[in-house]
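The structure file input.tsv is reproduced below (TSV, C-alpha atoms and all ligand atoms).
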```tsv
chain	number	residue	atom	x	y	z
A	160	MET	CA	19.19	74.08	69.84
A	161	ALA	CA	20.58	70.58	69.96
A	162	ARG	CA	23.88	68.78	69.97
A	163	VAL	CA	23.84	66.15	67.23
A	164	GLN	CA	25.85	62.95	67.47
A	165	LEU	CA	26.25	60.41	64.71
A	166	GLN	CA	27.52	57.06	65.93
A	167	GLY	CA	28.56	54.39	63.47
A	168	LEU	CA	26.01	55.79	61.05
A	169	GLY	CA	25.56	53.84	57.82
A	170	LYS	CA	23.11	53.73	54.95
A	171	THR	CA	22.68	50.98	52.40
A	172	TYR	CA	20.07	51.74	49.76
A	173	PRO	CA	17.66	49.02	48.60
A	174	ASN	CA	19.69	48.60	45.38
A	175	GLY	CA	22.74	47.68	47.49
A	176	VAL	CA	24.58	51.02	47.10
A	177	ARG	CA	26.29	52.06	50.33
A	178	GLY	CA	25.57	55.76	50.55
A	179	LEU	CA	27.26	56.19	53.92
A	180	ARG	CA	29.52	53.98	56.04
A	181	ALA	CA	30.41	53.98	59.74
A	182	VAL	CA	30.30	57.73	60.32
A	183	ASP	CA	31.20	59.00	63.80
A	184	LEU	CA	30.65	62.74	63.94
A	185	ASP	CA	29.40	65.33	66.44
A	186	VAL	CA	27.81	68.66	65.62
A	187	GLU	CA	28.14	70.87	68.68
A	188	ASP	CA	25.26	72.94	69.96
A	189	GLY	CA	25.24	76.23	68.03
A	190	GLU	CA	27.95	75.16	65.63
A	191	LEU	CA	27.97	75.55	61.84
A	192	LEU	CA	29.42	72.33	60.48
A	193	ALA	CA	30.18	72.26	56.75
A	194	VAL	CA	29.78	68.78	55.27
A	195	VAL	CA	31.87	68.84	52.12
A	196	GLY	CA	32.98	66.37	49.48
A	197	PRO	CA	32.75	65.60	45.80
A	198	SER	CA	29.52	64.53	44.14
A	199	GLY	CA	28.34	61.12	45.33
A	200	SER	CA	30.35	61.20	48.56
A	201	GLY	CA	27.29	60.76	50.80
A	202	LYS	CA	26.59	64.34	51.90
A	203	SER	CA	22.91	64.40	51.00
A	204	THR	CA	22.45	60.93	52.41
A	205	LEU	CA	23.79	62.21	55.72
A	206	ALA	CA	21.46	65.24	55.66
A	207	ARG	CA	18.44	63.11	54.80
A	208	LEU	CA	19.23	60.62	57.57
A	209	VAL	CA	19.50	63.41	60.16
A	210	ALA	CA	16.24	64.92	58.91
A	211	GLY	CA	14.49	61.56	59.07
A	212	LEU	CA	13.75	61.44	55.33
A	213	GLU	CA	15.68	58.16	55.00
A	214	GLU	CA	15.82	55.19	57.33
A	215	VAL	CA	19.10	54.47	59.08
A	216	SER	CA	20.71	51.13	58.12
A	217	GLU	CA	23.33	51.05	60.90
A	218	GLY	CA	24.22	53.16	63.89
A	219	GLN	CA	22.56	55.91	65.86
A	220	ILE	CA	21.58	59.54	65.49
A	221	LEU	CA	21.31	61.35	68.82
A	222	PHE	CA	19.90	64.81	69.56
A	223	ASP	CA	21.07	65.98	72.99
A	224	GLY	CA	21.99	62.44	73.89
A	225	ARG	CA	18.69	60.80	72.89
A	226	SER	CA	18.27	58.59	69.87
A	227	VAL	CA	15.99	59.96	67.16
A	228	ASN	CA	16.30	56.88	64.93
A	229	GLU	CA	12.69	55.93	65.55
A	230	LEU	CA	11.31	59.48	65.39
A	231	ALA	CA	9.41	60.48	62.25
A	232	ALA	CA	10.76	63.47	60.32
A	233	ARG	CA	8.00	65.79	61.51
A	234	ASP	CA	8.78	64.99	65.15
A	235	ARG	CA	12.50	65.75	64.95
A	236	ASP	CA	12.14	69.51	64.72
A	237	VAL	CA	14.68	69.75	61.91
A	238	ALA	CA	14.36	72.45	59.25
A	239	MET	CA	15.75	71.79	55.77
A	240	VAL	CA	16.62	74.16	52.96
A	241	PHE	CA	17.37	72.70	49.55
A	242	GLN	CA	19.03	73.95	46.38
A	243	HIS	CA	15.65	74.82	44.90
A	244	PRO	CA	13.42	76.45	47.49
A	245	ALA	CA	10.00	74.91	48.02
A	246	LEU	CA	7.75	77.73	49.25
A	247	TYR	CA	3.99	77.70	49.68
A	248	PRO	CA	2.88	79.32	46.41
A	249	HIS	CA	-0.48	80.55	47.69
A	250	LEU	CA	1.07	82.31	50.71
A	251	ASN	CA	2.89	85.63	50.58
A	252	VAL	CA	6.38	86.11	52.00
A	253	ALA	CA	5.20	87.11	55.49
A	254	GLU	CA	2.88	84.09	55.64
A	255	ASN	CA	5.63	81.78	54.42
A	256	LEU	CA	7.96	83.12	57.12
A	257	ALA	CA	5.27	82.71	59.76
A	258	PHE	CA	4.18	79.24	58.71
A	259	GLY	CA	6.51	77.13	60.88
A	260	CYS	CA	6.03	79.38	63.90
A	261	LYS	CA	2.25	79.12	63.68
A	262	ALA	CA	2.39	75.36	63.14
A	263	ARG	CA	4.31	75.12	66.42
A	264	GLY	CA	1.63	77.12	68.19
A	265	LEU	CA	3.73	80.16	69.08
A	266	PRO	CA	1.74	83.13	70.43
A	267	LYS	CA	0.68	85.58	67.72
A	268	GLN	CA	2.85	88.40	69.07
A	269	GLU	CA	5.93	86.19	69.01
A	270	VAL	CA	5.17	85.12	65.43
A	271	VAL	CA	4.92	88.78	64.38
A	272	ARG	CA	8.17	89.57	66.17
A	273	ARG	CA	10.04	86.69	64.49
A	274	VAL	CA	8.73	87.54	61.03
A	275	ALA	CA	9.83	91.14	61.49
A	276	GLU	CA	13.25	90.15	62.84
A	277	THR	CA	13.91	87.53	60.15
A	278	SER	CA	12.72	89.67	57.26
A	279	ASP	CA	14.79	92.55	58.56
A	280	LEU	CA	17.96	90.49	58.80
A	281	LEU	CA	17.46	88.89	55.38
A	282	GLY	CA	16.41	92.05	53.55
A	283	LEU	CA	12.83	90.91	52.91
A	284	SER	CA	10.94	93.71	54.66
A	285	ASN	CA	9.81	95.44	51.47
A	286	ILE	CA	8.46	92.31	49.79
A	287	LEU	CA	6.42	90.81	52.63
A	288	ASN	CA	3.17	91.01	50.66
A	289	ARG	CA	4.47	89.33	47.51
A	290	ARG	CA	3.76	85.76	46.44
A	291	PRO	CA	6.72	83.43	45.65
A	292	ALA	CA	5.94	83.39	41.91
A	293	THR	CA	6.73	87.11	41.70
A	294	LEU	CA	10.14	86.79	43.39
A	295	SER	CA	13.62	86.32	41.93
A	296	GLY	CA	15.56	83.12	42.63
A	297	GLY	CA	17.69	84.85	45.23
A	298	GLN	CA	14.66	86.32	47.01
A	299	ARG	CA	12.96	82.93	47.06
A	300	GLN	CA	16.03	81.34	48.63
A	301	ARG	CA	16.16	84.10	51.24
A	302	VAL	CA	12.52	83.37	52.11
A	303	ALA	CA	13.25	79.64	52.36
A	304	ILE	CA	16.16	80.30	54.72
A	305	GLY	CA	14.09	82.78	56.71
A	306	ARG	CA	11.21	80.35	57.04
A	307	ALA	CA	13.55	77.64	58.30
A	308	ILE	CA	15.22	79.95	60.80
A	309	ALA	CA	12.14	81.80	62.08
A	310	ARG	CA	10.80	78.70	63.79
A	311	ARG	CA	14.17	78.08	65.56
A	312	PRO	CA	14.46	74.39	64.78
A	313	ARG	CA	16.64	72.15	66.92
A	314	VAL	CA	18.77	71.53	63.84
A	315	LEU	CA	19.05	73.48	60.60
A	316	LEU	CA	20.08	71.45	57.55
A	317	LEU	CA	21.08	73.25	54.38
A	318	ASP	CA	21.67	71.05	51.33
A	319	GLU	CA	23.52	73.01	48.62
A	320	PRO	CA	21.35	76.09	49.30
A	321	PHE	CA	23.49	78.51	47.28
A	322	THR	CA	24.40	76.33	44.30
A	323	ALA	CA	21.68	77.66	41.99
A	324	LEU	CA	22.53	81.32	42.67
A	325	ASP	CA	24.98	83.44	40.72
A	326	ALA	CA	28.22	84.38	42.42
A	327	PRO	CA	27.49	87.86	43.87
A	328	LEU	CA	24.10	86.73	45.17
A	329	ARG	CA	25.57	83.56	46.59
A	330	LEU	CA	28.16	85.51	48.58
A	331	ALA	CA	25.61	88.04	49.84
A	332	ILE	CA	23.04	85.47	51.00
A	333	ARG	CA	25.76	83.28	52.45
A	334	ALA	CA	27.11	86.17	54.52
A	335	ASP	CA	23.62	86.97	55.82
A	336	LEU	CA	22.97	83.34	56.69
A	337	VAL	CA	26.22	83.04	58.64
A	338	GLU	CA	25.45	86.23	60.54
A	339	LEU	CA	22.00	84.96	61.47
A	340	GLN	CA	23.30	81.52	62.38
A	341	ARG	CA	25.90	83.05	64.71
A	342	ALA	CA	23.46	85.51	66.26
A	343	LEU	CA	20.85	82.84	66.97
A	344	LYS	CA	23.40	80.08	67.73
A	345	LEU	CA	21.58	77.60	65.52
A	346	THR	CA	23.02	74.11	65.28
A	347	THR	CA	23.58	74.01	61.53
A	348	VAL	CA	24.79	71.48	58.98
A	349	LEU	CA	25.64	72.98	55.61
A	350	VAL	CA	26.07	70.45	52.81
A	351	THR	CA	28.19	71.71	49.94
A	352	HIS	CA	30.37	70.31	47.14
A	353	ASP	CA	32.23	73.64	47.07
A	354	GLN	CA	35.41	73.41	49.14
A	355	SER	CA	35.93	77.18	49.12
A	356	GLU	CA	32.43	77.68	50.55
A	357	ALA	CA	33.05	75.08	53.26
A	358	LEU	CA	36.36	76.73	54.22
A	359	ALA	CA	34.74	80.18	54.21
A	360	VAL	CA	31.74	79.52	56.43
A	361	GLY	CA	32.28	76.38	58.51
A	362	ASP	CA	33.23	76.57	62.17
A	363	ARG	CA	34.47	73.10	61.32
A	364	LEU	CA	34.52	71.00	58.16
A	365	ALA	CA	33.68	67.33	57.79
A	366	VAL	CA	35.28	66.08	54.58
A	367	PHE	CA	33.56	63.13	52.91
A	368	GLY	CA	34.67	60.86	50.09
A	369	ASP	CA	32.97	57.72	48.83
A	370	GLY	CA	30.50	57.54	51.73
A	371	SER	CA	33.17	57.82	54.43
A	372	LEU	CA	34.22	60.64	56.71
A	373	HIS	CA	37.87	61.39	55.94
A	374	GLN	CA	38.60	64.21	58.34
A	375	VAL	CA	36.90	66.69	60.59
A	376	GLY	CA	38.50	69.89	61.88
A	377	THR	CA	38.71	73.65	61.69
A	378	PRO	CA	39.13	75.26	58.25
A	379	PHE	CA	42.77	76.06	59.01
A	380	GLY	CA	43.39	72.63	60.50
A	381	VAL	CA	42.08	70.57	57.60
A	382	TYR	CA	43.65	72.89	55.01
A	383	SER	CA	47.10	72.99	56.55
A	384	ARG	CA	47.19	69.53	58.13
A	385	PRO	CA	45.17	67.27	55.83
A	386	ALA	CA	44.99	63.71	57.10
A	387	SER	CA	45.22	62.11	53.67
A	388	ARG	CA	46.13	62.76	50.09
A	389	PHE	CA	42.42	62.84	49.25
A	390	VAL	CA	41.71	65.68	51.69
A	391	ALA	CA	44.87	67.55	50.66
A	392	GLN	CA	43.86	67.46	47.01
A	393	PHE	CA	40.20	68.21	47.56
A	394	LEU	CA	40.72	71.36	49.65
A	395	GLY	CA	42.27	74.54	48.33
A	396	TYR	CA	42.71	76.26	45.01
A	397	PRO	CA	44.97	75.87	43.12
A	398	PRO	CA	45.15	72.17	43.99
A	399	ILE	CA	48.10	71.26	46.20
A	400	ASN	CA	51.31	70.34	44.34
A	401	ILE	CA	52.19	66.67	44.77
A	402	LEU	CA	55.87	65.83	44.34
A	403	ASN	CA	57.70	62.52	44.33
A	404	VAL	CA	60.93	63.08	46.24
A	405	THR	CA	63.71	61.08	47.84
A	406	ILE	CA	64.87	61.72	51.38
A	407	GLU	CA	68.68	61.40	51.59
A	408	GLU	CA	70.89	61.23	54.64
A	409	ASP	CA	74.39	62.66	54.49
A	410	GLY	CA	76.14	62.52	57.85
A	411	ASP	CA	74.04	64.63	60.22
A	412	LEU	CA	72.20	66.35	57.38
A	413	LYS	CA	69.04	65.31	55.63
A	414	TRP	CA	68.06	66.37	52.14
A	415	VAL	CA	65.04	66.31	49.89
A	416	ARG	CA	66.00	65.34	46.35
A	417	PHE	CA	63.74	66.14	43.38
A	418	ALA	CA	63.98	67.61	39.88
A	419	GLY	CA	67.67	66.69	39.74
A	420	GLU	CA	68.59	68.89	42.74
A	421	ARG	CA	68.46	68.62	46.48
A	422	VAL	CA	67.46	71.02	49.26
A	423	ARG	CA	67.88	70.74	53.02
A	424	LEU	CA	65.10	69.07	54.94
A	425	PRO	CA	63.98	71.58	57.58
A	426	ALA	CA	65.47	71.00	61.04
A	427	GLY	CA	63.18	69.10	63.37
A	428	LEU	CA	61.64	66.93	60.65
A	429	THR	CA	62.49	63.30	61.13
A	430	LEU	CA	61.85	61.28	58.00
A	431	PRO	CA	63.55	58.01	57.13
A	432	PRO	CA	65.63	57.92	53.93
A	433	GLY	CA	63.81	56.72	50.83
A	434	SER	CA	61.12	57.81	48.37
A	435	ARG	CA	58.23	59.86	49.60
A	436	GLU	CA	55.23	61.66	48.25
A	437	VAL	CA	54.87	65.20	49.54
A	438	GLY	CA	52.23	67.89	49.13
A	439	LEU	CA	53.21	71.53	48.94
A	440	ARG	CA	50.73	74.37	48.52
A	441	ALA	CA	51.31	77.07	45.92
A	442	GLU	CA	51.96	79.69	48.61
A	443	HIS	CA	54.86	77.64	49.99
A	444	ILE	CA	56.88	77.81	46.80
A	445	GLN	CA	58.38	81.27	46.36
A	446	PRO	CA	59.66	82.86	43.15
A	447	LYS	CA	63.31	83.92	42.98
A	448	ALA	CA	65.48	85.53	40.35
A	449	PRO	CA	66.75	82.74	38.07
A	450	GLY	CA	70.33	83.47	39.17
A	451	ASP	CA	69.45	83.04	42.88
A	452	SER	CA	68.24	79.46	42.75
A	453	ARG	CA	69.50	76.14	41.48
A	454	LEU	CA	65.90	75.17	40.90
A	455	THR	CA	64.78	77.07	37.81
A	456	GLY	CA	62.17	76.37	35.20
A	457	ASN	CA	59.97	77.89	32.54
A	458	ILE	CA	56.41	79.07	32.91
A	459	ARG	CA	54.20	76.71	30.92
A	460	ARG	CA	50.75	78.01	31.86
A	461	ILE	CA	49.33	81.18	33.36
A	462	GLU	CA	45.93	81.64	34.99
A	463	PRO	CA	45.22	85.28	35.88
A	464	LEU	CA	43.06	85.72	38.99
A	465	GLY	CA	43.05	89.50	38.99
A	466	HIS	CA	45.24	90.46	41.91
A	467	GLU	CA	47.55	87.50	41.31
A	468	VAL	CA	48.35	84.92	38.69
A	469	LEU	CA	48.76	81.20	39.05
A	470	ALA	CA	51.85	80.14	37.14
A	471	SER	CA	52.59	76.51	36.38
A	472	ILE	CA	56.31	76.00	36.06
A	473	GLN	CA	58.14	73.06	34.55
A	474	ILE	CA	61.35	72.21	36.41
A	475	ALA	CA	63.07	69.17	34.95
A	476	ASP	CA	60.46	66.41	35.20
A	477	ILE	CA	58.02	68.15	37.56
A	478	LEU	CA	55.31	70.75	37.09
A	479	VAL	CA	54.42	72.98	40.05
A	480	THR	CA	51.89	75.78	40.38
A	481	ILE	CA	52.75	78.89	42.38
A	482	ARG	CA	51.16	82.27	43.06
A	483	LEU	CA	52.70	85.44	41.64
A	484	VAL	CA	51.67	89.03	42.19
A	485	ALA	CA	49.86	90.04	39.00
A	486	ASP	CA	52.10	91.76	36.49
A	487	GLU	CA	51.50	92.23	32.76
A	488	GLY	CA	55.14	91.39	32.21
A	489	ILE	CA	54.66	87.72	33.21
A	490	VAL	CA	54.37	85.58	30.08
A	491	VAL	CA	54.51	81.91	29.16
A	492	GLY	CA	58.10	80.85	28.58
A	493	ASP	CA	59.57	83.17	31.25
A	494	ARG	CA	62.44	81.67	33.20
A	495	ILE	CA	61.97	81.72	36.95
A	496	GLY	CA	63.80	80.44	40.05
A	497	LEU	CA	61.98	78.75	42.91
A	498	GLU	CA	62.42	78.26	46.62
A	499	PHE	CA	60.56	75.33	48.19
A	500	ASP	CA	59.51	75.70	51.84
A	501	PHE	CA	59.27	72.13	53.08
A	502	SER	CA	58.53	73.27	56.64
A	503	HIS	CA	54.87	73.58	55.54
A	504	ALA	CA	54.84	70.40	53.49
A	505	VAL	CA	52.36	67.58	53.99
A	506	TRP	CA	54.17	64.25	54.01
A	507	PHE	CA	52.04	61.35	52.85
A	508	SER	CA	52.83	57.87	54.07
B	601	LIG	P1	26.29	63.59	47.51
B	601	LIG	O1	25.21	64.31	48.23
B	601	LIG	O2	27.62	63.70	48.20
B	601	LIG	O3	26.40	63.94	46.06
B	601	LIG	P2	24.61	61.26	47.89
B	601	LIG	O4	24.44	61.17	49.36
B	601	LIG	O5	23.51	61.85	47.10
B	601	LIG	O6	25.99	62.02	47.58
B	601	LIG	O7	24.92	59.82	47.31
B	601	LIG	C1	25.84	58.91	47.89
B	601	LIG	C2	25.78	57.59	47.13
B	601	LIG	O8	24.51	56.99	47.34
B	601	LIG	C3	25.92	57.75	45.63
B	601	LIG	O9	26.62	56.63	45.14
B	601	LIG	C4	24.49	57.75	45.14
B	601	LIG	O10	24.41	57.27	43.82
B	601	LIG	C5	23.84	56.79	46.11
B	601	LIG	N1	22.40	57.13	46.32
B	601	LIG	C6	21.88	58.27	46.78
B	601	LIG	N2	20.54	58.22	46.87
B	601	LIG	C7	20.19	56.96	46.47
B	601	LIG	C8	18.95	56.25	46.35
B	601	LIG	N3	17.79	56.81	46.68
B	601	LIG	N4	18.99	54.97	45.90
B	601	LIG	C9	20.17	54.39	45.58
B	601	LIG	N5	21.38	54.99	45.68
B	601	LIG	C10	21.40	56.25	46.11
```
The structure given in the file should be rewritten as structure tokens.
Amino acid sequence: MARVQLQGLGKTYPNGVRGLRAVDLDVEDGELLAVVGPSGSGKSTLARLVAGLEEVSEGQILFDGRSVNELAARDRDVAMVFQHPALYPHLNVAENLAFGCKARGLPKQEVVRRVAETSDLLGLSNILNRRPATLSGGQRQRVAIGRAIARRPRVLLLDEPFTALDAPLRLAIRADLVELQRALKLTTVLVTHDQSEALAVGDRLAVFGDGSLHQVGTPFGVYSRPASRFVAQFLGYPPINILNVTIEEDGDLKWVRFAGERVRLPAGLTLPPGSREVGLRAEHIQPKAPGDSRLTGNIRRIEPLGHEVLASIQIADILVTIRLVADEGIVVGDRIGLEFDFSHAVWFS
């Protein structure tokens, strides 16, 4: 497998649209990097540039330290899987799986071994003789993934491979893919618009917006320490609460003032007095009995998630969403107290 380095990578399309700007990003050998961002943020452009399906406008793409800018797609040894699998219709599943291995001239025995291993791991062993037209969407996508993996490309690129599948299938195929990727240590770039998918499967995430790389880091790192308001709001469900607060200084003590009340700023946080914007995740605002908190409000909206409910609570002029353990007794209009844990807050500058 290869280590991939993007250096100052940019793409301007012939119509003048800048699909990607000045991206510096490394994909380590054997790593699964999730490239995530909203629609139009440049994710597919990045994948197509790495695959060699688009010409680079600026910068370099290196595989193991050597530029591949001038290499044609077929010479890069990159395998791609798209949202809608493109299989060879006249070949059965076994032949589809074997295709890339044969094209690379692998010995027959090795091809047989890889087809058996891949079909085993992806649950395709009992449909090896079937043609693509007779398969379900999920089976076809499994074959496409298997075909890409069987030939052990230097880089595996997956562009929204699970988007067209229904939820249970998506989770099952995703889990199998991650297992295979880890076992074979394939250098993998997974493009997805789905932040929960990126958090779930990426060794690291690269968060894109408007053609630029905003942050790269581990799932926990980018979720808990987002580098910008954009990243904070894009990652996580429910979306992070954004509050406008004022930092006040009172002798040795510092306070956070909002919703007509003030709470102590956690020790160790040094923030200058004045207005600030702060992000606080739902799990860092705890419910209290109304009598135990000066910050109380009424539930305005409820979104049941099964094991828990998301409750949006109006306190004075702010609306915050918190998580509550599911309980049939929770209804709109309920009065509830809140405790804000600013030690986990994200302070935006
Ligand atoms: P994503 O995959 O994140 O949805 P894309 O990489 O497809 O984003 O697109 C990034 C930007 O480049 C968008 O503004 C899109 O409209 C533009 N774009 C993509 N492909 C082309 C193309 N072939 N010609 C012109 N503009 C394009």
Residues at most 7 Å from ligand LIG 601 (chain B), using all atoms listed in the file? Could they come as a compact mmCIF listing (two decimals) with C-alpha atoms, in the frame of the given file?
```txt
# COMPACT_ATOMS: atom_id res chain seq x y z
CA TYR A 172 20.07 51.74 49.76
CA PRO A 173 17.66 49.02 48.60
CA ASN A 174 19.69 48.60 45.38
CA VAL A 176 24.58 51.02 47.10
CA ARG A 177 26.29 52.06 50.33
CA GLY A 178 25.57 55.76 50.55
CA LEU A 179 27.26 56.19 53.92
CA GLY A 196 32.98 66.37 49.48
CA PRO A 197 32.75 65.60 45.80
CA SER A 198 29.52 64.53 44.14
CA GLY A 199 28.34 61.12 45.33
CA SER A 200 30.35 61.20 48.56
CA GLY A 201 27.29 60.76 50.80
CA LYS A 202 26.59 64.34 51.90
CA SER A 203 22.91 64.40 51.00
CA THR A 204 22.45 60.93 52.41
CA LEU A 205 23.79 62.21 55.72
CA GLY A 370 30.50 57.54 51.73
```
What are the nearest atom pairs, with distances in Å to one decimal, for all residues of stretch 370-481 of chain A that come at most 9 Å from stretch 358-362 of chain A, using only C-alpha atoms, set out by chain and rising residue number as a tab-separated table?
```
residue	atom	partner	partner_atom	distance
A:Gly376	CA	A:Asp362	CA	8.5
A:Thr377	CA	A:Asp362	CA	6.2
A:Pro378	CA	A:Leu358	CA	5.1
A:Phe379	CA	A:Leu358	CA	8.0
A:Tyr382	CA	A:Leu358	CA	8.3
A:Leu394	CA	A:Leu358	CA	8.3
A:Gly395	CA	A:Leu358	CA	8.6
```
Discussion item. What does the structure give for the distance between atom CA of A:Ile304 and atom CA of A:Arg225, in Å to one decimal?
Written reply: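 Atom CA of A:Arg225 lies 26.8 Å from atom CA of A:Ile304.
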Worksheet item: Can you find the residues with an atom no farther than 10 Å from (39.7, 63.7, 47.2), counting all atoms listed in the file, and report them as a list in words?
Response: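 The requested residues, written out, are Gly196, Pro197, Ser200, Val366, Phe367, Gly368, Asp369, His373, Ser387, Arg388, Phe389, Val390, Ala391, Gln392, Phe393 and Leu394 of chain A.
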Fill in: Residue with smallest distance to A:Leu294 - pool A:Pro244, A:Gly259, A:Gly169, A:Pro266, counting all atoms listed in the file
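With all atoms listed in the file as the atom set, the closest residue is A:Pro244.
With all atoms listed in the file taken into account, the protein and nucleic acid residues at most 7 Å from A:Ala441 (excluding it and anything under 4 positions from it in its own chain) are Ile399, Asn400, Thr480, Ile481 and Arg482 of chain A.
The closest residue to A:Val163, picked from A:Ile472, A:Ala253, A:Ile406, A:Leu315 and counting only C-alpha atoms, is A:Leu315.
Interatomic distance, atom CA of A:Leu168 against atom CA of A:Asp183: 6.7 Å.
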Worksheet item: Taking into account only C-alpha atoms, which residue in the set A:Gln219, A:Gln354, A:Thr347, A:Gln374 is nearest to A:Arg162?
Response: A:Thr347
Worksheet item: Nearest to A:Gly175: which of A:Ser216, A:Gln298, A:Gln268, A:Thr455 is it, counting all atoms listed in the file?
Response: A:Ser216
Worksheet item: What does the distance between atom CA of A:Leu343 and atom CA of A:Ile308 come to in Å, to one decimal place?
Response: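 Result for atom CA of A:Leu343 versus atom CA of A:Ile308: 8.8 Å, one decimal.
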Would you mind putting N, CA, C and O atoms back on stretch 328-342 of chain A and writing the result as a JSON list (two decimals), in the frame of the given file?
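Once everything was written out, this is part-v1.json:
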```json
[["chain", "number", "residue", "atom", "x", "y", "z"],
["A", 328, "LEU", "N", 25.26, 87.03, 44.33],
["A", 328, "LEU", "CA", 24.10, 86.73, 45.17],
["A", 328, "LEU", "C", 24.45, 85.66, 46.19],
["A", 328, "LEU", "O", 24.08, 85.73, 47.36],
["A", 329, "ARG", "N", 25.17, 84.66, 45.73],
["A", 329, "ARG", "CA", 25.57, 83.56, 46.59],
["A", 329, "ARG", "C", 26.36, 84.10, 47.79],
["A", 329, "ARG", "O", 26.10, 83.75, 48.93],
["A", 330, "LEU", "N", 27.32, 84.98, 47.51],
["A", 330, "LEU", "CA", 28.16, 85.51, 48.58],
["A", 330, "LEU", "C", 27.34, 86.36, 49.54],
["A", 330, "LEU", "O", 27.52, 86.29, 50.76],
["A", 331, "ALA", "N", 26.41, 87.15, 48.99],
["A", 331, "ALA", "CA", 25.61, 88.04, 49.84],
["A", 331, "ALA", "C", 24.70, 87.23, 50.76],
["A", 331, "ALA", "O", 24.64, 87.47, 51.98],
["A", 332, "ILE", "N", 23.99, 86.25, 50.20],
["A", 332, "ILE", "CA", 23.04, 85.47, 51.00],
["A", 332, "ILE", "C", 23.80, 84.61, 52.01],
["A", 332, "ILE", "O", 23.39, 84.45, 53.15],
["A", 333, "ARG", "N", 24.93, 84.09, 51.57],
["A", 333, "ARG", "CA", 25.76, 83.28, 52.45],
["A", 333, "ARG", "C", 26.21, 84.09, 53.68],
["A", 333, "ARG", "O", 26.14, 83.61, 54.81],
["A", 334, "ALA", "N", 26.65, 85.32, 53.41],
["A", 334, "ALA", "CA", 27.11, 86.17, 54.52],
["A", 334, "ALA", "C", 25.97, 86.44, 55.49],
["A", 334, "ALA", "O", 26.16, 86.40, 56.72],
["A", 335, "ASP", "N", 24.78, 86.71, 54.95],
["A", 335, "ASP", "CA", 23.62, 86.97, 55.82],
["A", 335, "ASP", "C", 23.26, 85.73, 56.64],
["A", 335, "ASP", "O", 22.95, 85.83, 57.82],
["A", 336, "LEU", "N", 23.30, 84.58, 55.99],
["A", 336, "LEU", "CA", 22.97, 83.34, 56.69],
["A", 336, "LEU", "C", 23.93, 83.11, 57.85],
["A", 336, "LEU", "O", 23.51, 82.78, 58.97],
["A", 337, "VAL", "N", 25.23, 83.30, 57.59],
["A", 337, "VAL", "CA", 26.22, 83.04, 58.64],
["A", 337, "VAL", "C", 26.01, 84.00, 59.81],
["A", 337, "VAL", "O", 26.08, 83.60, 60.97],
["A", 338, "GLU", "N", 25.69, 85.25, 59.49],
["A", 338, "GLU", "CA", 25.45, 86.23, 60.54],
["A", 338, "GLU", "C", 24.26, 85.81, 61.42],
["A", 338, "GLU", "O", 24.33, 85.85, 62.65],
["A", 339, "LEU", "N", 23.19, 85.41, 60.75],
["A", 339, "LEU", "CA", 22.00, 84.96, 61.47],
["A", 339, "LEU", "C", 22.28, 83.72, 62.31],
["A", 339, "LEU", "O", 21.87, 83.63, 63.47],
["A", 340, "GLN", "N", 22.99, 82.78, 61.70],
["A", 340, "GLN", "CA", 23.30, 81.52, 62.38],
["A", 340, "GLN", "C", 24.09, 81.80, 63.65],
["A", 340, "GLN", "O", 23.84, 81.21, 64.70],
["A", 341, "ARG", "N", 25.07, 82.72, 63.54],
["A", 341, "ARG", "CA", 25.90, 83.05, 64.71],
["A", 341, "ARG", "C", 25.07, 83.76, 65.78],
["A", 341, "ARG", "O", 25.16, 83.45, 66.96],
["A", 342, "ALA", "N", 24.24, 84.72, 65.31],
["A", 342, "ALA", "CA", 23.46, 85.51, 66.26],
["A", 342, "ALA", "C", 22.49, 84.62, 67.03],
["A", 342, "ALA", "O", 22.30, 84.79, 68.23]]
```
